[in-house]
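Okay, upload08.cif now, which holds mmCIF, N, CA and C atoms:
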data_protein
#
loop_
_atom_site.group_PDB
_atom_site.id
_atom_site.type_symbol
_atom_site.label_atom_id
_atom_site.label_comp_id
_atom_site.auth_asym_id
_atom_site.auth_seq_id
_atom_site.Cartn_x
_atom_site.Cartn_y
_atom_site.Cartn_z
ATOM 1 N N MET A 76 -0.256 141.605 74.684
ATOM 2 C CA MET A 76 -1.635 141.972 74.423
ATOM 3 C C MET A 76 -2.412 141.945 75.735
ATOM 4 N N VAL A 77 -3.181 142.966 75.975
ATOM 5 C CA VAL A 77 -3.974 143.064 77.196
ATOM 6 C C VAL A 77 -5.316 142.404 76.961
ATOM 7 N N SER A 78 -5.658 141.461 77.848
ATOM 8 C CA SER A 78 -6.962 140.822 77.708
ATOM 9 C C SER A 78 -8.017 141.729 78.309
ATOM 10 N N SER A 79 -9.195 141.657 77.743
ATOM 11 C CA SER A 79 -10.268 142.508 78.262
ATOM 12 C C SER A 79 -10.857 141.879 79.521
ATOM 13 N N LEU A 80 -11.225 142.725 80.451
ATOM 14 C CA LEU A 80 -11.819 142.274 81.700
ATOM 15 C C LEU A 80 -13.333 142.308 81.576
ATOM 16 N N PRO A 81 -14.003 141.409 82.284
ATOM 17 C CA PRO A 81 -15.467 141.505 82.331
ATOM 18 C C PRO A 81 -15.879 142.858 82.917
ATOM 19 N N LYS A 82 -17.037 143.346 82.506
ATOM 20 C CA LYS A 82 -17.515 144.653 82.934
ATOM 21 C C LYS A 82 -17.559 144.773 84.449
ATOM 22 N N GLU A 83 -17.971 143.730 85.161
ATOM 23 C CA GLU A 83 -18.049 143.776 86.623
ATOM 24 C C GLU A 83 -16.676 144.029 87.247
ATOM 25 N N LEU A 84 -15.651 143.331 86.745
ATOM 26 C CA LEU A 84 -14.302 143.533 87.270
ATOM 27 C C LEU A 84 -13.784 144.930 86.929
ATOM 28 N N MET A 85 -14.079 145.392 85.719
ATOM 29 C CA MET A 85 -13.647 146.740 85.326
ATOM 30 C C MET A 85 -14.308 147.789 86.224
ATOM 31 N N ASN A 86 -15.588 147.610 86.532
ATOM 32 C CA ASN A 86 -16.276 148.547 87.417
ATOM 33 C C ASN A 86 -15.651 148.559 88.808
ATOM 34 N N ARG A 87 -15.238 147.403 89.289
ATOM 35 C CA ARG A 87 -14.593 147.344 90.600
ATOM 36 C C ARG A 87 -13.213 148.008 90.559
ATOM 37 N N LEU A 88 -12.494 147.886 89.451
ATOM 38 C CA LEU A 88 -11.216 148.590 89.308
ATOM 39 C C LEU A 88 -11.425 150.097 89.297
ATOM 40 N N ILE A 89 -12.473 150.538 88.625
ATOM 41 C CA ILE A 89 -12.795 151.966 88.601
ATOM 42 C C ILE A 89 -13.111 152.447 90.020
ATOM 43 N N CYS A 90 -13.857 151.652 90.766
ATOM 44 C CA CYS A 90 -14.178 151.993 92.153
ATOM 45 C C CYS A 90 -12.906 152.060 92.997
ATOM 46 N N ALA A 91 -11.993 151.122 92.790
ATOM 47 C CA ALA A 91 -10.725 151.129 93.521
ATOM 48 C C ALA A 91 -9.934 152.398 93.202
ATOM 49 N N LYS A 92 -9.943 152.801 91.950
ATOM 50 C CA LYS A 92 -9.239 154.027 91.561
ATOM 51 C C LYS A 92 -9.897 155.245 92.206
ATOM 52 N N MET A 93 -11.220 155.261 92.259
ATOM 53 C CA MET A 93 -11.919 156.379 92.896
ATOM 54 C C MET A 93 -11.582 156.457 94.388
ATOM 55 N N LEU A 94 -11.502 155.307 95.052
ATOM 56 C CA LEU A 94 -11.113 155.300 96.460
ATOM 57 C C LEU A 94 -9.700 155.861 96.632
ATOM 58 N N PHE A 95 -8.803 155.471 95.751
ATOM 59 C CA PHE A 95 -7.425 155.950 95.817
ATOM 60 C C PHE A 95 -7.368 157.469 95.622
ATOM 61 N N ILE A 96 -8.096 157.963 94.639
ATOM 62 C CA ILE A 96 -8.130 159.406 94.377
ATOM 63 C C ILE A 96 -8.735 160.147 95.567
ATOM 64 N N ASN A 97 -9.786 159.579 96.170
ATOM 65 C CA ASN A 97 -10.361 160.183 97.373
ATOM 66 C C ASN A 97 -9.332 160.242 98.496
ATOM 67 N N GLY A 98 -8.528 159.189 98.620
ATOM 68 C CA GLY A 98 -7.478 159.176 99.625
ATOM 69 C C GLY A 98 -6.480 160.301 99.408
ATOM 70 N N ILE A 99 -6.115 160.531 98.156
ATOM 71 C CA ILE A 99 -5.195 161.629 97.838
ATOM 72 C C ILE A 99 -5.825 162.977 98.183
ATOM 73 N N ASP A 100 -7.093 163.143 97.828
ATOM 74 C CA ASP A 100 -7.783 164.398 98.135
ATOM 75 C C ASP A 100 -7.834 164.651 99.639
ATOM 76 N N ILE A 101 -8.152 163.608 100.401
ATOM 77 C CA ILE A 101 -8.218 163.741 101.856
ATOM 78 C C ILE A 101 -6.836 164.081 102.412
ATOM 79 N N LEU A 102 -5.807 163.412 101.907
ATOM 80 C CA LEU A 102 -4.439 163.662 102.362
ATOM 81 C C LEU A 102 -4.036 165.117 102.143
ATOM 82 N N ASN A 103 -4.422 165.673 101.016
ATOM 83 C CA ASN A 103 -4.036 167.037 100.674
ATOM 84 C C ASN A 103 -4.767 168.104 101.481
ATOM 85 N N LYS A 104 -5.850 167.760 102.160
ATOM 86 C CA LYS A 104 -6.612 168.745 102.929
ATOM 87 C C LYS A 104 -5.940 169.097 104.249
ATOM 88 N N ARG A 105 -5.084 168.255 104.756
ATOM 89 C CA ARG A 105 -4.316 168.514 105.974
ATOM 90 C C ARG A 105 -5.187 168.892 107.173
ATOM 91 N N ALA A 106 -6.352 168.295 107.301
ATOM 92 C CA ALA A 106 -7.230 168.548 108.445
ATOM 93 C C ALA A 106 -6.993 167.477 109.516
ATOM 94 N N PRO A 107 -7.449 167.735 110.742
ATOM 95 C CA PRO A 107 -7.297 166.725 111.806
ATOM 96 C C PRO A 107 -7.946 165.407 111.394
ATOM 97 N N PHE A 108 -7.338 164.333 111.735
ATOM 98 C CA PHE A 108 -7.800 162.959 111.477
ATOM 99 C C PHE A 108 -7.672 162.521 110.012
ATOM 100 N N ASN A 109 -7.317 163.427 109.116
ATOM 101 C CA ASN A 109 -7.263 163.048 107.705
ATOM 102 C C ASN A 109 -6.186 162.022 107.405
ATOM 103 N N SER A 110 -5.107 162.002 108.181
ATOM 104 C CA SER A 110 -4.071 161.001 107.915
ATOM 105 C C SER A 110 -4.600 159.602 108.188
ATOM 106 N N GLY A 111 -5.588 159.468 109.028
ATOM 107 C CA GLY A 111 -6.218 158.160 109.256
ATOM 108 C C GLY A 111 -7.240 157.833 108.187
ATOM 109 N N PHE A 112 -8.037 158.838 107.808
ATOM 110 C CA PHE A 112 -9.069 158.612 106.797
ATOM 111 C C PHE A 112 -8.466 158.302 105.433
ATOM 112 N N ASP A 113 -7.371 158.986 105.079
ATOM 113 C CA ASP A 113 -6.757 158.696 103.784
ATOM 114 C C ASP A 113 -6.171 157.288 103.760
ATOM 115 N N LEU A 114 -5.609 156.872 104.872
ATOM 116 C CA LEU A 114 -5.053 155.522 104.945
ATOM 117 C C LEU A 114 -6.142 154.465 104.756
ATOM 118 N N LEU A 115 -7.321 154.711 105.320
ATOM 119 C CA LEU A 115 -8.443 153.788 105.127
ATOM 120 C C LEU A 115 -8.816 153.694 103.643
ATOM 121 N N CYS A 116 -8.843 154.829 102.973
ATOM 122 C CA CYS A 116 -9.160 154.824 101.531
ATOM 123 C C CYS A 116 -8.110 154.053 100.739
ATOM 124 N N PHE A 117 -6.830 154.300 101.068
ATOM 125 C CA PHE A 117 -5.761 153.618 100.339
ATOM 126 C C PHE A 117 -5.813 152.107 100.544
ATOM 127 N N GLN A 118 -6.015 151.665 101.787
ATOM 128 C CA GLN A 118 -6.063 150.229 102.046
ATOM 129 C C GLN A 118 -7.269 149.591 101.363
ATOM 130 N N ASP A 119 -8.430 150.245 101.434
ATOM 131 C CA ASP A 119 -9.615 149.700 100.767
ATOM 132 C C ASP A 119 -9.401 149.622 99.259
ATOM 133 N N SER A 120 -8.737 150.619 98.707
ATOM 134 C CA SER A 120 -8.460 150.634 97.278
ATOM 135 C C SER A 120 -7.560 149.459 96.875
ATOM 136 N N VAL A 121 -6.494 149.268 97.631
ATOM 137 C CA VAL A 121 -5.566 148.176 97.319
ATOM 138 C C VAL A 121 -6.231 146.818 97.531
ATOM 139 N N GLU A 122 -7.012 146.692 98.585
ATOM 140 C CA GLU A 122 -7.700 145.418 98.823
ATOM 141 C C GLU A 122 -8.674 145.110 97.690
ATOM 142 N N MET A 123 -9.403 146.116 97.230
ATOM 143 C CA MET A 123 -10.333 145.903 96.120
ATOM 144 C C MET A 123 -9.571 145.485 94.866
ATOM 145 N N LEU A 124 -8.448 146.136 94.609
ATOM 146 C CA LEU A 124 -7.610 145.781 93.460
ATOM 147 C C LEU A 124 -7.128 144.331 93.561
ATOM 148 N N LEU A 125 -6.644 143.936 94.744
ATOM 149 C CA LEU A 125 -6.153 142.570 94.927
ATOM 150 C C LEU A 125 -7.260 141.537 94.742
ATOM 151 N N ARG A 126 -8.456 141.846 95.205
ATOM 152 C CA ARG A 126 -9.584 140.924 95.024
ATOM 153 C C ARG A 126 -9.954 140.781 93.544
ATOM 154 N N VAL A 127 -9.845 141.866 92.790
ATOM 155 C CA VAL A 127 -10.086 141.794 91.344
ATOM 156 C C VAL A 127 -9.026 140.932 90.679
ATOM 157 N N VAL A 128 -7.768 141.129 91.061
ATOM 158 C CA VAL A 128 -6.682 140.304 90.510
ATOM 159 C C VAL A 128 -6.938 138.833 90.803
ATOM 160 N N ALA A 129 -7.294 138.524 92.036
ATOM 161 C CA ALA A 129 -7.542 137.135 92.421
ATOM 162 C C ALA A 129 -8.687 136.547 91.607
ATOM 163 N N GLU A 130 -9.757 137.293 91.483
ATOM 164 C CA GLU A 130 -10.897 136.770 90.719
ATOM 165 C C GLU A 130 -10.545 136.586 89.252
ATOM 166 N N HIS A 131 -9.814 137.533 88.692
ATOM 167 C CA HIS A 131 -9.409 137.436 87.283
ATOM 168 C C HIS A 131 -8.504 136.221 87.048
ATOM 169 N N LYS A 132 -7.683 135.890 88.032
ATOM 170 C CA LYS A 132 -6.772 134.749 87.917
ATOM 171 C C LYS A 132 -7.382 133.449 88.461
ATOM 172 N N ASP A 133 -8.693 133.477 88.766
ATOM 173 C CA ASP A 133 -9.405 132.304 89.301
ATOM 174 C C ASP A 133 -8.779 131.783 90.588
ATOM 175 N N ILE A 134 -8.378 132.699 91.439
ATOM 176 C CA ILE A 134 -7.827 132.347 92.747
ATOM 177 C C ILE A 134 -8.931 132.549 93.773
ATOM 178 N N ARG A 135 -9.269 131.493 94.470
ATOM 179 C CA ARG A 135 -10.350 131.552 95.459
ATOM 180 C C ARG A 135 -9.859 132.210 96.742
ATOM 181 N N LEU A 136 -10.624 133.198 97.196
ATOM 182 C CA LEU A 136 -10.354 133.863 98.466
ATOM 183 C C LEU A 136 -11.550 133.676 99.387
ATOM 184 N N LYS A 137 -11.270 133.602 100.675
ATOM 185 C CA LYS A 137 -12.370 133.605 101.625
ATOM 186 C C LYS A 137 -13.022 134.985 101.589
ATOM 187 N N HIS A 138 -14.335 135.017 101.775
ATOM 188 C CA HIS A 138 -15.070 136.286 101.731
ATOM 189 C C HIS A 138 -14.527 137.273 102.768
ATOM 190 N N ASN A 139 -14.192 136.765 103.929
ATOM 191 C CA ASN A 139 -13.723 137.637 105.014
ATOM 192 C C ASN A 139 -12.214 137.538 105.221
ATOM 193 N N ALA A 140 -11.473 137.225 104.163
ATOM 194 C CA ALA A 140 -10.019 137.093 104.269
ATOM 195 C C ALA A 140 -9.396 138.424 104.659
ATOM 196 N N ALA A 141 -8.445 138.358 105.575
ATOM 197 C CA ALA A 141 -7.715 139.551 105.988
ATOM 198 C C ALA A 141 -6.795 140.006 104.862
ATOM 199 N N PHE A 142 -6.375 141.254 104.930
ATOM 200 C CA PHE A 142 -5.535 141.858 103.905
ATOM 201 C C PHE A 142 -4.294 141.005 103.630
ATOM 202 N N ASN A 143 -3.586 140.599 104.679
ATOM 203 C CA ASN A 143 -2.376 139.776 104.517
ATOM 204 C C ASN A 143 -2.701 138.426 103.898
ATOM 205 N N GLN A 144 -3.837 137.850 104.246
ATOM 206 C CA GLN A 144 -4.227 136.554 103.689
ATOM 207 C C GLN A 144 -4.487 136.661 102.193
ATOM 208 N N ILE A 145 -5.026 137.778 101.763
ATOM 209 C CA ILE A 145 -5.275 137.979 100.328
ATOM 210 C C ILE A 145 -3.942 137.980 99.574
ATOM 211 N N ILE A 146 -2.989 138.729 100.079
ATOM 212 C CA ILE A 146 -1.664 138.789 99.445
ATOM 213 C C ILE A 146 -1.017 137.409 99.443
ATOM 214 N N ASP A 147 -1.045 136.717 100.576
ATOM 215 C CA ASP A 147 -0.432 135.384 100.671
ATOM 216 C C ASP A 147 -1.091 134.397 99.722
ATOM 217 N N THR A 148 -2.414 134.434 99.629
ATOM 218 C CA THR A 148 -3.131 133.495 98.755
ATOM 219 C C THR A 148 -2.796 133.753 97.294
ATOM 220 N N ILE A 149 -2.731 135.017 96.906
ATOM 221 C CA ILE A 149 -2.366 135.338 95.523
ATOM 222 C C ILE A 149 -0.934 134.877 95.244
ATOM 223 N N ASN A 150 -0.018 135.156 96.163
ATOM 224 C CA ASN A 150 1.375 134.736 95.969
ATOM 225 C C ASN A 150 1.516 133.222 95.915
ATOM 226 N N ASP A 151 0.734 132.500 96.708
ATOM 227 C CA ASP A 151 0.803 131.039 96.722
ATOM 228 C C ASP A 151 0.232 130.410 95.449
ATOM 229 N N ASN A 152 -0.621 131.141 94.730
ATOM 230 C CA ASN A 152 -1.310 130.573 93.575
ATOM 231 C C ASN A 152 -0.963 131.252 92.261
ATOM 232 N N SER A 153 0.122 131.983 92.237
ATOM 233 C CA SER A 153 0.495 132.705 91.035
ATOM 234 C C SER A 153 1.994 132.570 90.781
ATOM 235 N N LYS A 154 2.356 132.583 89.524
ATOM 236 C CA LYS A 154 3.779 132.535 89.170
ATOM 237 C C LYS A 154 4.451 133.870 89.477
ATOM 238 N N VAL A 155 3.722 134.955 89.295
ATOM 239 C CA VAL A 155 4.249 136.296 89.559
ATOM 240 C C VAL A 155 3.860 136.674 90.981
ATOM 241 N N LYS A 156 4.834 137.064 91.767
ATOM 242 C CA LYS A 156 4.615 137.378 93.181
ATOM 243 C C LYS A 156 4.396 138.877 93.376
ATOM 244 N N ILE A 157 3.607 139.201 94.372
ATOM 245 C CA ILE A 157 3.412 140.583 94.759
ATOM 246 C C ILE A 157 4.627 141.006 95.565
ATOM 247 N N THR A 158 5.285 142.049 95.112
ATOM 248 C CA THR A 158 6.521 142.485 95.777
ATOM 249 C C THR A 158 6.241 143.604 96.774
ATOM 250 N N HIS A 159 7.247 143.923 97.559
ATOM 251 C CA HIS A 159 7.205 145.035 98.521
ATOM 252 C C HIS A 159 6.093 144.858 99.547
ATOM 253 N N THR A 160 5.948 143.650 100.037
ATOM 254 C CA THR A 160 4.965 143.397 101.078
ATOM 255 C C THR A 160 5.701 143.222 102.401
ATOM 256 N N PHE A 161 4.950 143.136 103.454
ATOM 257 C CA PHE A 161 5.560 142.991 104.776
ATOM 258 C C PHE A 161 5.487 141.569 105.224
#
Using structure tokens, write down the structure that the file contains.
Amino acid sequence: MVSSLPKELMNRLICAKMLFINGIDILNKRAPFNSGFDLLCFQDSVEMLLRVVAEHKDIRLKHNAAFNQIIDTINDNSKVKITHTF
């Protein structure tokens, strides 16, 4: 059974999805610099998703935690580990 998320977390997930879709759109345009801009969208999308997961699981993150620190903190405080990381 899927538990319902608070509206604020759901809105942030929607925003993360929009960033991801924007990244795909930018990638498909094949213009100069787009490979960098799409990567920024993808990373921001994943970071937003990870922050929502952490908040939903009551895992405290530093406000300015780096991307790797977010993954490490979630893995250190959860039974289920994030796979395919570096």
Write down as an MDAnalysis selection string the residues belonging to range 118-152 of chain A that are assigned helix (DSSP H, G or I) by DSSP computed on the backbone.
chainID A and resid 118:131 142:151
Tell me, as a ChimeraX atom specification, which residues lie within 6 Å of range 92-100 of chain A, counting all atoms listed in the file; anything in the same chain fewer than 3 positions away does not count.
/A:87-89,103-104,112-113,116-117,120
Output of the above residues as a compact mmCIF listing (two decimals), keeping the file's coordinate frame, restricted to N, CA and C atoms:
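The file below, again14.txt, is the result:
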# COMPACT_ATOMS: atom_id res chain seq x y z
N ARG A 87 -15.24 147.40 89.29
CA ARG A 87 -14.59 147.34 90.60
C ARG A 87 -13.21 148.01 90.56
N LEU A 88 -12.49 147.89 89.45
CA LEU A 88 -11.22 148.59 89.31
C LEU A 88 -11.42 150.10 89.30
N ILE A 89 -12.47 150.54 88.62
CA ILE A 89 -12.80 151.97 88.60
C ILE A 89 -13.11 152.45 90.02
N ASN A 103 -4.42 165.67 101.02
CA ASN A 103 -4.04 167.04 100.67
C ASN A 103 -4.77 168.10 101.48
N LYS A 104 -5.85 167.76 102.16
CA LYS A 104 -6.61 168.74 102.93
C LYS A 104 -5.94 169.10 104.25
N PHE A 112 -8.04 158.84 107.81
CA PHE A 112 -9.07 158.61 106.80
C PHE A 112 -8.47 158.30 105.43
N ASP A 113 -7.37 158.99 105.08
CA ASP A 113 -6.76 158.70 103.78
C ASP A 113 -6.17 157.29 103.76
N CYS A 116 -8.84 154.83 102.97
CA CYS A 116 -9.16 154.82 101.53
C CYS A 116 -8.11 154.05 100.74
N PHE A 117 -6.83 154.30 101.07
CA PHE A 117 -5.76 153.62 100.34
C PHE A 117 -5.81 152.11 100.54
N SER A 120 -8.74 150.62 98.71
CA SER A 120 -8.46 150.63 97.28
C SER A 120 -7.56 149.46 96.88
Name the residues, using the chain letters and numbers of the file, that sit within 6.5 Å of (-5.8, 134.3, 91.6) when counting only N, CA and C atoms, and give them as a PDB file with N, CA and C atoms, in the frame of the given file.
ATOM      1  N   VAL A 128      -7.768 141.129  91.061  1.00  0.00           N
ATOM      2  CA  VAL A 128      -6.682 140.304  90.510  1.00  0.00           C
ATOM      3  C   VAL A 128      -6.938 138.833  90.803  1.00  0.00           C
ATOM      4  N   ALA A 129      -7.294 138.524  92.036  1.00  0.00           N
ATOM      5  CA  ALA A 129      -7.542 137.135  92.421  1.00  0.00           C
ATOM      6  C   ALA A 129      -8.687 136.547  91.607  1.00  0.00           C
ATOM      7  N   GLU A 130      -9.757 137.293  91.483  1.00  0.00           N
ATOM      8  CA  GLU A 130     -10.897 136.770  90.719  1.00  0.00           C
ATOM      9  C   GLU A 130     -10.545 136.586  89.252  1.00  0.00           C
ATOM     10  N   HIS A 131      -9.814 137.533  88.692  1.00  0.00           N
ATOM     11  CA  HIS A 131      -9.409 137.436  87.283  1.00  0.00           C
ATOM     12  C   HIS A 131      -8.504 136.221  87.048  1.00  0.00           C
ATOM     13  N   LYS A 132      -7.683 135.890  88.032  1.00  0.00           N
ATOM     14  CA  LYS A 132      -6.772 134.749  87.917  1.00  0.00           C
ATOM     15  C   LYS A 132      -7.382 133.449  88.461  1.00  0.00           C
ATOM     16  N   ASP A 133      -8.693 133.477  88.766  1.00  0.00           N
ATOM     17  CA  ASP A 133      -9.405 132.304  89.301  1.00  0.00           C
ATOM     18  C   ASP A 133      -8.779 131.783  90.588  1.00  0.00           C
ATOM     19  N   ILE A 134      -8.378 132.699  91.439  1.00  0.00           N
ATOM     20  CA  ILE A 134      -7.827 132.347  92.747  1.00  0.00           C
ATOM     21  C   ILE A 134      -8.931 132.549  93.773  1.00  0.00           C
ATOM     22  N   ARG A 135      -9.269 131.493  94.470  1.00  0.00           N
ATOM     23  CA  ARG A 135     -10.350 131.552  95.459  1.00  0.00           C
ATOM     24  C   ARG A 135      -9.859 132.210  96.742  1.00  0.00           C
ATOM     25  N   THR A 148      -2.414 134.434  99.629  1.00  0.00           N
ATOM     26  CA  THR A 148      -3.131 133.495  98.755  1.00  0.00           C
ATOM     27  C   THR A 148      -2.796 133.753  97.294  1.00  0.00           C
ATOM     28  N   ILE A 149      -2.731 135.017  96.906  1.00  0.00           N
ATOM     29  CA  ILE A 149      -2.366 135.338  95.523  1.00  0.00           C
ATOM     30  C   ILE A 149      -0.934 134.877  95.244  1.00  0.00           C
ATOM     31  N   ASN A 152      -0.621 131.141  94.730  1.00  0.00           N
ATOM     32  CA  ASN A 152      -1.310 130.573  93.575  1.00  0.00           C
ATOM     33  C   ASN A 152      -0.963 131.252  92.261  1.00  0.00           C
ATOM     34  N   SER A 153       0.122 131.983  92.237  1.00  0.00           N
ATOM     35  CA  SER A 153       0.495 132.705  91.035  1.00  0.00           C
ATOM     36  C   SER A 153       1.994 132.570  90.781  1.00  0.00           C
TER      37      SER A 153
END
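If you look at atom C of Arg105 in chain A and atom C of Gln118 in chain A, they are 20.3 Å away from each other.
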A straight line from atom C of Asn139 in chain A to CA of Ser79 in chain A spans 27.5 Å
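Residue nearest Arg126 in chain A within the list A:Ile157, A:Ile145, A:Leu102, A:Cys90: A:Ile145 [criterion: smallest interatomic distance, only C-alpha atoms].
What separates atom C of Val121 in chain A from CA of Thr160 in chain A is a distance of 12.2 Å.
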Calculated over only C-alpha atoms, which of the candidates A:Leu84, A:Ala106, A:Ile146, A:Ala141 has the smallest distance to Leu125 in chain A?
A:Ile146
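Among A:Phe161, A:Ala91, A:Leu136, A:Lys156, the residue with the shortest atom-to-atom distance to Met123 in chain A, counting all atoms listed in the file, is A:Ala91.
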Would you compute the box with edges along x, y and z of the file around range 133-145 of chain A, including every atom the file lists for it and 4 Å extra on each side, and give its centre and edge lengths in Å to one decimal, as lines of an AutoDock Vina configuration file?
center_x = -8.7
center_y = 136.7
center_z = 97.4
size_x = 20.7
size_y = 18.4
size_z = 25.2
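Nearest-residue note for Glu122 in chain A: choosing from A:Glu83, A:Phe142, A:Val155, A:Asn109, the minimum distance belongs to A:Phe142, counting all atoms listed in the file.
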Taking the block just given, write range 148-160 of chain A to a file that holds N, CA and C atoms, as an mmCIF file, in the first residue's frame.
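Produced file out_17.cif, reproduced below:
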data_model
loop_
_atom_site.group_PDB
_atom_site.id
_atom_site.type_symbol
_atom_site.label_atom_id
_atom_site.label_comp_id
_atom_site.auth_asym_id
_atom_site.auth_seq_id
_atom_site.Cartn_x
_atom_site.Cartn_y
_atom_site.Cartn_z
ATOM 1 N N THR A 148 24.025 10.144 3.555
ATOM 2 C CA THR A 148 23.189 10.286 4.755
ATOM 3 C C THR A 148 21.948 9.412 4.655
ATOM 4 N N ILE A 149 21.332 9.374 3.484
ATOM 5 C CA ILE A 149 20.157 8.515 3.305
ATOM 6 C C ILE A 149 20.559 7.048 3.468
ATOM 7 N N ASN A 150 21.665 6.650 2.850
ATOM 8 C CA ASN A 150 22.117 5.260 2.968
ATOM 9 C C ASN A 150 22.475 4.892 4.401
ATOM 10 N N ASP A 151 23.056 5.820 5.151
ATOM 11 C CA ASP A 151 23.433 5.553 6.538
ATOM 12 C C ASP A 151 22.223 5.442 7.468
ATOM 13 N N ASN A 152 21.085 6.012 7.069
ATOM 14 C CA ASN A 152 19.921 6.065 7.948
ATOM 15 C C ASN A 152 18.719 5.304 7.419
ATOM 16 N N SER A 153 18.940 4.426 6.473
ATOM 17 C CA SER A 153 17.837 3.693 5.879
ATOM 18 C C SER A 153 18.211 2.223 5.708
ATOM 19 N N LYS A 154 17.219 1.374 5.806
ATOM 20 C CA LYS A 154 17.454 -0.056 5.585
ATOM 21 C C LYS A 154 17.674 -0.338 4.102
ATOM 22 N N VAL A 155 16.982 0.397 3.251
ATOM 23 C CA VAL A 155 17.106 0.228 1.801
ATOM 24 C C VAL A 155 18.144 1.226 1.307
ATOM 25 N N LYS A 156 19.127 0.737 0.591
ATOM 26 C CA LYS A 156 20.237 1.570 0.121
ATOM 27 C C LYS A 156 19.981 2.065 -1.300
ATOM 28 N N ILE A 157 20.497 3.236 -1.587
ATOM 29 C CA ILE A 157 20.449 3.771 -2.931
ATOM 30 C C ILE A 157 21.533 3.080 -3.737
ATOM 31 N N THR A 158 21.135 2.451 -4.819
ATOM 32 C CA THR A 158 22.099 1.683 -5.621
ATOM 33 C C THR A 158 22.625 2.513 -6.787
ATOM 34 N N HIS A 159 23.636 1.985 -7.442
ATOM 35 C CA HIS A 159 24.223 2.585 -8.650
ATOM 36 C C HIS A 159 24.760 3.985 -8.386
ATOM 37 N N THR A 160 25.425 4.147 -7.265
ATOM 38 C CA THR A 160 26.043 5.426 -6.959
ATOM 39 C C THR A 160 27.547 5.294 -7.161
#
